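Visitor: Contents are mmCIF, C-alpha atoms; file name run.cif:
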data_my_file
loop_
_atom_site.label_atom_id
_atom_site.label_comp_id
_atom_site.auth_asym_id
_atom_site.auth_seq_id
_atom_site.Cartn_x
_atom_site.Cartn_y
_atom_site.Cartn_z
CA MET K 1181 0.00 0.00 0.00
CA LEU K 1182 2.75 2.46 0.99
CA ALA K 1183 4.64 1.59 -2.19
CA ALA K 1184 1.56 2.33 -4.32
CA VAL K 1185 0.98 5.67 -2.58
CA SER K 1186 4.67 6.54 -2.93
CA ALA K 1187 4.62 5.69 -6.63
CA ALA K 1188 1.52 7.83 -7.20
CA LEU K 1189 3.13 10.77 -5.43
CA LEU K 1190 6.36 10.42 -7.34
CA LEU K 1191 4.68 10.63 -10.70
CA GLY K 1192 3.41 14.18 -10.13
CA ALA K 1193 4.93 17.22 -11.75
CA CYS K 1194 2.16 19.76 -12.38
CA SER K 1195 -1.41 20.13 -13.49
CA GLY K 1196 -3.87 22.84 -14.40
CA ASN K 1197 -5.52 24.43 -17.36
CA ALA K 1198 -5.03 28.21 -17.41
CA PRO K 1199 -1.63 28.94 -18.92
CA LEU K 1200 0.07 32.32 -18.61
CA GLU K 1201 2.74 32.30 -21.27
CA GLN K 1202 6.12 34.00 -21.57
CA SER K 1203 8.21 33.34 -24.67
CA SER K 1204 11.82 32.43 -25.40
CA GLY K 1205 13.27 29.51 -26.90
CA GLY K 1206 6.68 16.03 -20.73
CA SER K 1207 3.66 16.13 -19.97
CA GLY K 1208 1.66 18.10 -17.40
CA ARG K 1209 1.09 15.17 -15.08
CA SER K 1210 -1.22 15.44 -12.10
CA THR K 1211 -0.21 14.64 -8.59
CA ALA K 1212 -1.77 13.32 -5.41
CA VAL K 1213 0.38 15.62 -3.25
CA GLN K 1214 -1.59 18.54 -1.79
CA LEU K 1215 -1.11 22.07 -3.10
CA ASP K 1216 1.80 23.85 -1.40
CA THR K 1217 0.22 26.92 0.18
CA THR K 1218 3.58 28.36 1.28
CA ALA K 1219 4.42 29.42 -2.28
CA THR K 1220 2.79 31.92 -4.56
CA LEU K 1221 2.21 29.43 -7.33
CA PRO K 1222 2.79 29.22 -10.20
CA THR K 1223 4.43 32.66 -10.22
CA GLU K 1224 7.17 31.68 -7.79
CA SER K 1225 8.18 28.53 -9.65
CA CYS K 1226 8.30 30.43 -12.96
CA ARG K 1227 10.89 32.81 -11.52
CA LEU K 1228 13.41 30.05 -10.89
CA LEU K 1229 14.42 29.40 -14.51
CA THR K 1230 14.20 31.33 -17.74
CA ALA K 1231 13.18 30.01 -21.12
CA ARG K 1232 16.63 30.96 -22.40
CA GLU K 1233 18.36 28.85 -19.71
CA VAL K 1234 16.15 25.85 -20.39
CA GLY K 1235 16.58 26.29 -24.14
CA ASP K 1236 20.36 26.57 -23.89
CA LEU K 1237 20.63 23.39 -21.81
CA THR K 1238 18.17 21.29 -23.82
CA GLY K 1239 19.04 22.66 -27.25
CA GLN K 1240 15.36 23.39 -27.89
CA ALA K 1241 13.58 26.70 -28.30
CA VAL K 1242 11.04 26.72 -25.48
CA GLN K 1243 8.18 28.85 -24.24
CA GLN K 1244 7.41 29.26 -20.54
CA GLN K 1245 3.86 28.62 -19.32
CA ALA K 1246 2.67 29.14 -15.77
CA GLN K 1247 0.07 26.44 -15.33
CA GLY K 1248 -1.69 24.96 -12.36
CA GLU K 1249 0.78 24.39 -9.55
CA GLY K 1250 3.96 24.86 -11.53
CA CYS K 1251 5.79 26.20 -14.51
CA ARG K 1252 6.11 24.32 -17.79
CA PHE K 1253 8.60 24.88 -20.58
CA VAL K 1254 7.16 23.61 -23.87
CA GLN K 1255 8.58 23.62 -27.38
CA ALA K 1256 8.13 27.14 -28.78
CA ASP K 1257 6.74 25.81 -32.05
CA GLN K 1258 4.17 23.65 -30.18
CA PRO K 1259 2.89 25.83 -27.29
CA ALA K 1260 -0.45 23.99 -27.06
CA SER K 1261 1.21 20.58 -26.75
CA PRO K 1262 0.50 18.68 -23.52
CA ASP K 1263 4.12 17.48 -23.55
CA ALA K 1264 6.60 19.62 -21.61
CA VAL K 1265 10.35 19.72 -22.07
CA VAL K 1266 10.84 20.81 -18.42
CA VAL K 1267 8.43 21.22 -15.51
CA VAL K 1268 9.30 23.17 -12.33
CA SER K 1269 7.11 22.93 -9.25
CA TYR K 1270 7.05 23.15 -5.50
CA ARG K 1271 5.65 20.33 -3.40
CA PRO K 1272 5.19 20.04 0.35
CA ALA K 1273 8.30 19.06 2.32
CA SER K 1274 6.71 15.62 2.79
CA ALA K 1275 7.16 14.88 -0.94
CA PHE K 1276 10.92 14.65 -0.39
CA ALA K 1277 10.53 12.15 2.46
CA ILE K 1278 8.05 10.11 0.40
CA MET K 1279 10.51 9.98 -2.50
CA GLN K 1280 13.27 8.77 -0.15
CA THR K 1281 10.98 6.09 1.32
CA GLY K 1282 9.90 4.95 -2.13
CA ASN K 1283 13.54 4.62 -3.12
CA ARG K 1284 14.34 2.45 -0.07
CA LEU K 1285 11.34 0.21 -0.76
CA LYS K 1286 11.75 -0.22 -4.50
CA ARG K 1287 15.49 0.33 -4.99
CA ARG K 1288 14.75 2.38 -8.08
CA ASN K 1289 17.25 4.41 -10.06
CA ILE K 1290 17.49 7.31 -7.59
CA LEU K 1291 20.86 9.05 -7.41
CA ALA K 1292 22.09 11.41 -4.70
CA VAL K 1293 22.98 14.81 -6.17
CA ASN K 1294 25.81 16.86 -4.68
CA GLY K 1295 26.56 20.52 -5.25
CA LEU K 1296 23.10 22.01 -4.78
CA GLY K 1297 23.63 23.19 -1.22
CA HIS K 1298 20.64 21.07 -0.15
CA GLU K 1299 19.89 17.38 0.01
CA ALA K 1300 18.85 16.34 -3.49
CA TYR K 1301 18.07 13.21 -5.48
CA TYR K 1302 17.53 12.50 -9.15
CA ASP K 1303 14.96 9.88 -10.21
CA ASP K 1304 16.36 8.47 -13.45
CA THR K 1305 13.18 6.51 -14.17
CA HIS K 1306 11.02 9.64 -14.43
CA GLY K 1307 13.65 12.34 -15.07
CA ASP K 1308 12.80 14.24 -11.87
CA LEU K 1309 15.20 16.13 -9.62
CA TYR K 1310 14.00 16.53 -6.01
CA VAL K 1311 15.65 19.22 -3.88
CA GLY K 1312 14.77 19.22 -0.18
CA LEU K 1313 14.23 22.78 1.04
CA PRO K 1314 13.42 23.76 4.63
CA GLU K 1315 9.66 24.17 4.11
CA ARG K 1316 9.02 22.40 0.80
CA THR K 1317 10.42 20.31 -2.03
CA LEU K 1318 11.54 21.75 -5.35
CA VAL K 1319 10.91 19.37 -8.25
CA ILE K 1320 12.46 19.89 -11.67
CA GLY K 1321 11.15 17.32 -14.11
CA LEU K 1322 12.29 16.38 -17.59
CA PRO K 1323 9.41 14.06 -18.47
CA ARG K 1324 10.64 13.09 -21.96
CA ALA K 1325 13.87 11.33 -22.72
CA ASP K 1326 15.79 13.00 -25.55
CA ARG K 1327 18.74 11.66 -27.54
CA ASN K 1328 20.30 15.12 -27.82
CA TYR K 1329 21.03 15.55 -24.11
CA SER K 1330 21.34 13.69 -20.83
CA ARG K 1331 18.29 14.33 -18.62
CA TRP K 1332 20.52 13.75 -15.59
CA GLN K 1333 23.04 16.43 -16.63
CA VAL K 1334 20.35 18.94 -17.65
CA ALA K 1335 18.36 18.36 -14.44
CA LYS K 1336 21.46 18.94 -12.31
CA ALA K 1337 22.40 22.12 -14.22
CA LEU K 1338 18.83 23.45 -13.97
CA GLY K 1339 18.82 22.58 -10.27
CA GLN K 1340 22.01 24.58 -9.75
CA LEU K 1341 20.47 27.59 -11.50
CA ALA K 1342 17.23 27.34 -9.52
CA VAL K 1343 18.94 26.91 -6.14
CA ALA K 1344 21.24 29.86 -6.88
CA ARG K 1345 18.17 31.94 -7.72
CA LEU K 1346 16.49 30.87 -4.48
CA ALA K 1347 19.55 32.02 -2.53
CA ALA K 1348 19.65 35.39 -4.33
CA PRO K 1349 17.77 38.44 -3.03
CA ALA K 1350 14.16 38.67 -4.20
CA ALA K 1351 14.95 41.69 -6.39
CA ALA K 1352 17.27 39.57 -8.53
CA THR K 1353 14.50 38.04 -10.68
CA PRO K 1354 15.85 37.01 -14.10
CA ALA K 1355 14.73 38.71 -17.29
CA GLN K 1356 12.92 36.46 -19.70
#
What would the structure in this file look like if it were written as structure tokens?
Guide:
Amino acid sequence: MLAAVSAALLLGACSGNAPLEQSSGGSGRSTAVQLDTTATLPTESCRLLTAREVGDLTGQAVQQQAQGEGCRFVQADQPASPDAVVVVSYRPASAFAIMQTGNRLKRRNILAVNGLGHEAYYDDTHGDLYVGLPERTLVIGLPRADRNYSRWQVAKALGQLAVARLAAPAAATPAQ
């Protein structure tokens, strides 16, 4: 039972249906984890990465869409596609503990990630990076595998950018 609940919680990235788009250069999966009320979502998650940063690391022109509980980066030439290149979201702090428990139970392909200044893990099965923050969990998902780049390397690089932005003063919001 716990394994099934853990698996359901791990599959979540973001959901919703009212996009607010910002241009530049996976799929919006739903989650069973409750909405994180400590964040101003999706605005806050959309400030962590720019479309240019995501595009540079994935080699794809992407468009940023605030949607539901998170921020999606979709291919610029397919903005209405349900498939996202990258999804950024906040989850409750419990999501991190659930991911760790699921890893111990299933022995999945979860790798510890160093260099983010926080405890972090990468789920190679789903392409999700989990960063444990004091009050919540930051999730950066790359739902689709792509031959042109390593999801693991891109997730780690995006995680470094997002964590650096979290540590920066609030006035240092990146330009799109």
Visitor: Which one of K:Ala1344, K:Ala1325, K:Val1334, K:Leu1318 sits closest to Ser1269 in chain K if you count all atoms listed in the file?
Guide: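 Selected residue with least distance to Ser1269 in chain K: K:Leu1318.
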Visitor: Apply the PyMOL selection byres ((chain K and resi 1243) around 10) to the displayed file and report the matching residues as a list in words.
Guide: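 Selected by the PyMOL selection byres ((chain K and resi 1243) around 10) in this file: Glu1201, Gln1202, Ser1203, Ser1204, Gly1205, Thr1230, Ala1231, Arg1232, Val1234, Gly1235, Gln1240, Ala1241, Val1242, Gln1244, Gln1245, Arg1252, Phe1253, Val1254, Gln1255, Ala1256, Asp1257, Gln1258, Pro1259, Ala1264 and Val1265 of chain K.
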Visitor: Let's have the selection written as a short mmCIF file (atom, residue, chain, number, x, y, z; two decimals), in the coordinates of the input, with C-alpha atoms.
Guide:
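Written out: part_7.cif:
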data_model
loop_
_atom_site.label_atom_id
_atom_site.label_comp_id
_atom_site.auth_asym_id
_atom_site.auth_seq_id
_atom_site.Cartn_x
_atom_site.Cartn_y
_atom_site.Cartn_z
CA GLU K 1201 2.74 32.30 -21.27
CA GLN K 1202 6.12 34.00 -21.57
CA SER K 1203 8.21 33.34 -24.67
CA SER K 1204 11.82 32.43 -25.40
CA GLY K 1205 13.27 29.51 -26.90
CA THR K 1230 14.20 31.33 -17.74
CA ALA K 1231 13.18 30.01 -21.12
CA ARG K 1232 16.63 30.96 -22.40
CA VAL K 1234 16.15 25.85 -20.39
CA GLY K 1235 16.58 26.29 -24.14
CA GLN K 1240 15.36 23.39 -27.89
CA ALA K 1241 13.58 26.70 -28.30
CA VAL K 1242 11.04 26.72 -25.48
CA GLN K 1244 7.41 29.26 -20.54
CA GLN K 1245 3.86 28.62 -19.32
CA ARG K 1252 6.11 24.32 -17.79
CA PHE K 1253 8.60 24.88 -20.58
CA VAL K 1254 7.16 23.61 -23.87
CA GLN K 1255 8.58 23.62 -27.38
CA ALA K 1256 8.13 27.14 -28.78
CA ASP K 1257 6.74 25.81 -32.05
CA GLN K 1258 4.17 23.65 -30.18
CA PRO K 1259 2.89 25.83 -27.29
CA ALA K 1264 6.60 19.62 -21.61
CA VAL K 1265 10.35 19.72 -22.07
#
Visitor: Got a sec: who's within 8 Å of Asp1308 in chain K, counting all atoms listed in the file, leaving out chain neighbours fewer than 3 positions off, as a PyMOL selection string?
Guide: chain K and resi 1302-1304+1319-1323+1335
Visitor: Could you write out that same residue set with C-alpha atoms as a PDB file, keeping the file's coordinate frame?
Guide:
ATOM      1  CA  TYR K1302      17.530  12.500  -9.150  1.00  0.00           C
ATOM      2  CA  ASP K1303      14.960   9.880 -10.210  1.00  0.00           C
ATOM      3  CA  ASP K1304      16.360   8.470 -13.450  1.00  0.00           C
ATOM      4  CA  VAL K1319      10.910  19.370  -8.250  1.00  0.00           C
ATOM      5  CA  ILE K1320      12.460  19.890 -11.670  1.00  0.00           C
ATOM      6  CA  GLY K1321      11.150  17.320 -14.110  1.00  0.00           C
ATOM      7  CA  LEU K1322      12.290  16.380 -17.590  1.00  0.00           C
ATOM      8  CA  PRO K1323       9.410  14.060 -18.470  1.00  0.00           C
ATOM      9  CA  ALA K1335      18.360  18.360 -14.440  1.00  0.00           C
TER      10      ALA K1335
END
Visitor: Please evaluate the PyMOL selection byres ((chain K and resi 1337) around 12) against the structure above and give the resulting residues as a PyMOL selection string.
Guide: chain K and resi 1229+1233-1234+1236-1238+1293-1296+1302+1309+1320+1329-1336+1338-1344
Visitor: So what do you get for CA of Glu1224 in chain K versus CA of Asp1263 in chain K, distance-wise?
Guide: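 Calculated distance between CA of Glu1224 in chain K and CA of Asp1263 in chain K is 21.4 Å.
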Visitor: Report the distance between CA of Leu1313 in chain K and CA of Glu1299 in chain K in Å, rounded to one decimal place.
Guide: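 For CA of Leu1313 in chain K relative to CA of Glu1299 in chain K, the distance reads 7.9 Å.
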Visitor: Between K:Arg1316, K:Arg1345, K:His1298, K:His1306, single out the one closest to Cys1226 in chain K, counting all atoms listed in the file.
Guide: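 Comparing K:Arg1316, K:Arg1345, K:His1298, K:His1306 against Cys1226 in chain K, the winner is K:Arg1345.
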Visitor: Which is closest to Leu1228 in chain K among K:Ala1292, K:Ile1278, K:Cys1251, K:Val1311, if we use only C-alpha atoms?
Guide: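 Closest candidate: K:Cys1251.
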Visitor: So how far away is CA of Glu1249 in chain K from CA of Ala1348 in chain K, in Å?
Guide: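 Computed distance, CA of Ala1348 in chain K to CA of Glu1249 in chain K, equals 22.5 Å.
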Visitor: From the structure block, carefully write range 1286-1338 of chain K out with C-alpha atoms; format it as an mmCIF file, in the first residue's frame.
Guide:
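Saved to out-v8.cif:
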data_model
loop_
_atom_site.group_PDB
_atom_site.id
_atom_site.type_symbol
_atom_site.label_atom_id
_atom_site.label_comp_id
_atom_site.auth_asym_id
_atom_site.auth_seq_id
_atom_site.Cartn_x
_atom_site.Cartn_y
_atom_site.Cartn_z
ATOM 1 C CA LYS K 1286 11.749 -0.220 -4.498
ATOM 2 C CA ARG K 1287 15.489 0.329 -4.990
ATOM 3 C CA ARG K 1288 14.748 2.385 -8.081
ATOM 4 C CA ASN K 1289 17.246 4.415 -10.058
ATOM 5 C CA ILE K 1290 17.492 7.309 -7.589
ATOM 6 C CA LEU K 1291 20.856 9.049 -7.406
ATOM 7 C CA ALA K 1292 22.092 11.411 -4.702
ATOM 8 C CA VAL K 1293 22.981 14.808 -6.170
ATOM 9 C CA ASN K 1294 25.810 16.859 -4.677
ATOM 10 C CA GLY K 1295 26.563 20.515 -5.251
ATOM 11 C CA LEU K 1296 23.101 22.007 -4.784
ATOM 12 C CA GLY K 1297 23.628 23.188 -1.219
ATOM 13 C CA HIS K 1298 20.643 21.072 -0.153
ATOM 14 C CA GLU K 1299 19.889 17.382 0.007
ATOM 15 C CA ALA K 1300 18.850 16.340 -3.492
ATOM 16 C CA TYR K 1301 18.067 13.210 -5.483
ATOM 17 C CA TYR K 1302 17.534 12.497 -9.153
ATOM 18 C CA ASP K 1303 14.962 9.883 -10.211
ATOM 19 C CA ASP K 1304 16.356 8.468 -13.446
ATOM 20 C CA THR K 1305 13.185 6.514 -14.169
ATOM 21 C CA HIS K 1306 11.017 9.639 -14.434
ATOM 22 C CA GLY K 1307 13.653 12.335 -15.075
ATOM 23 C CA ASP K 1308 12.798 14.236 -11.871
ATOM 24 C CA LEU K 1309 15.200 16.132 -9.618
ATOM 25 C CA TYR K 1310 14.003 16.530 -6.013
ATOM 26 C CA VAL K 1311 15.652 19.216 -3.878
ATOM 27 C CA GLY K 1312 14.767 19.224 -0.185
ATOM 28 C CA LEU K 1313 14.232 22.780 1.040
ATOM 29 C CA PRO K 1314 13.421 23.764 4.632
ATOM 30 C CA GLU K 1315 9.662 24.167 4.109
ATOM 31 C CA ARG K 1316 9.018 22.396 0.801
ATOM 32 C CA THR K 1317 10.423 20.306 -2.028
ATOM 33 C CA LEU K 1318 11.544 21.754 -5.351
ATOM 34 C CA VAL K 1319 10.912 19.367 -8.246
ATOM 35 C CA ILE K 1320 12.458 19.887 -11.672
ATOM 36 C CA GLY K 1321 11.154 17.321 -14.113
ATOM 37 C CA LEU K 1322 12.287 16.385 -17.586
ATOM 38 C CA PRO K 1323 9.407 14.060 -18.475
ATOM 39 C CA ARG K 1324 10.637 13.094 -21.957
ATOM 40 C CA ALA K 1325 13.869 11.333 -22.722
ATOM 41 C CA ASP K 1326 15.791 13.000 -25.545
ATOM 42 C CA ARG K 1327 18.742 11.661 -27.541
ATOM 43 C CA ASN K 1328 20.301 15.120 -27.820
ATOM 44 C CA TYR K 1329 21.032 15.554 -24.113
ATOM 45 C CA SER K 1330 21.339 13.695 -20.833
ATOM 46 C CA ARG K 1331 18.293 14.326 -18.621
ATOM 47 C CA TRP K 1332 20.515 13.752 -15.590
ATOM 48 C CA GLN K 1333 23.038 16.428 -16.630
ATOM 49 C CA VAL K 1334 20.348 18.937 -17.648
ATOM 50 C CA ALA K 1335 18.356 18.363 -14.441
ATOM 51 C CA LYS K 1336 21.459 18.938 -12.312
ATOM 52 C CA ALA K 1337 22.397 22.118 -14.221
ATOM 53 C CA LEU K 1338 18.829 23.450 -13.972
#
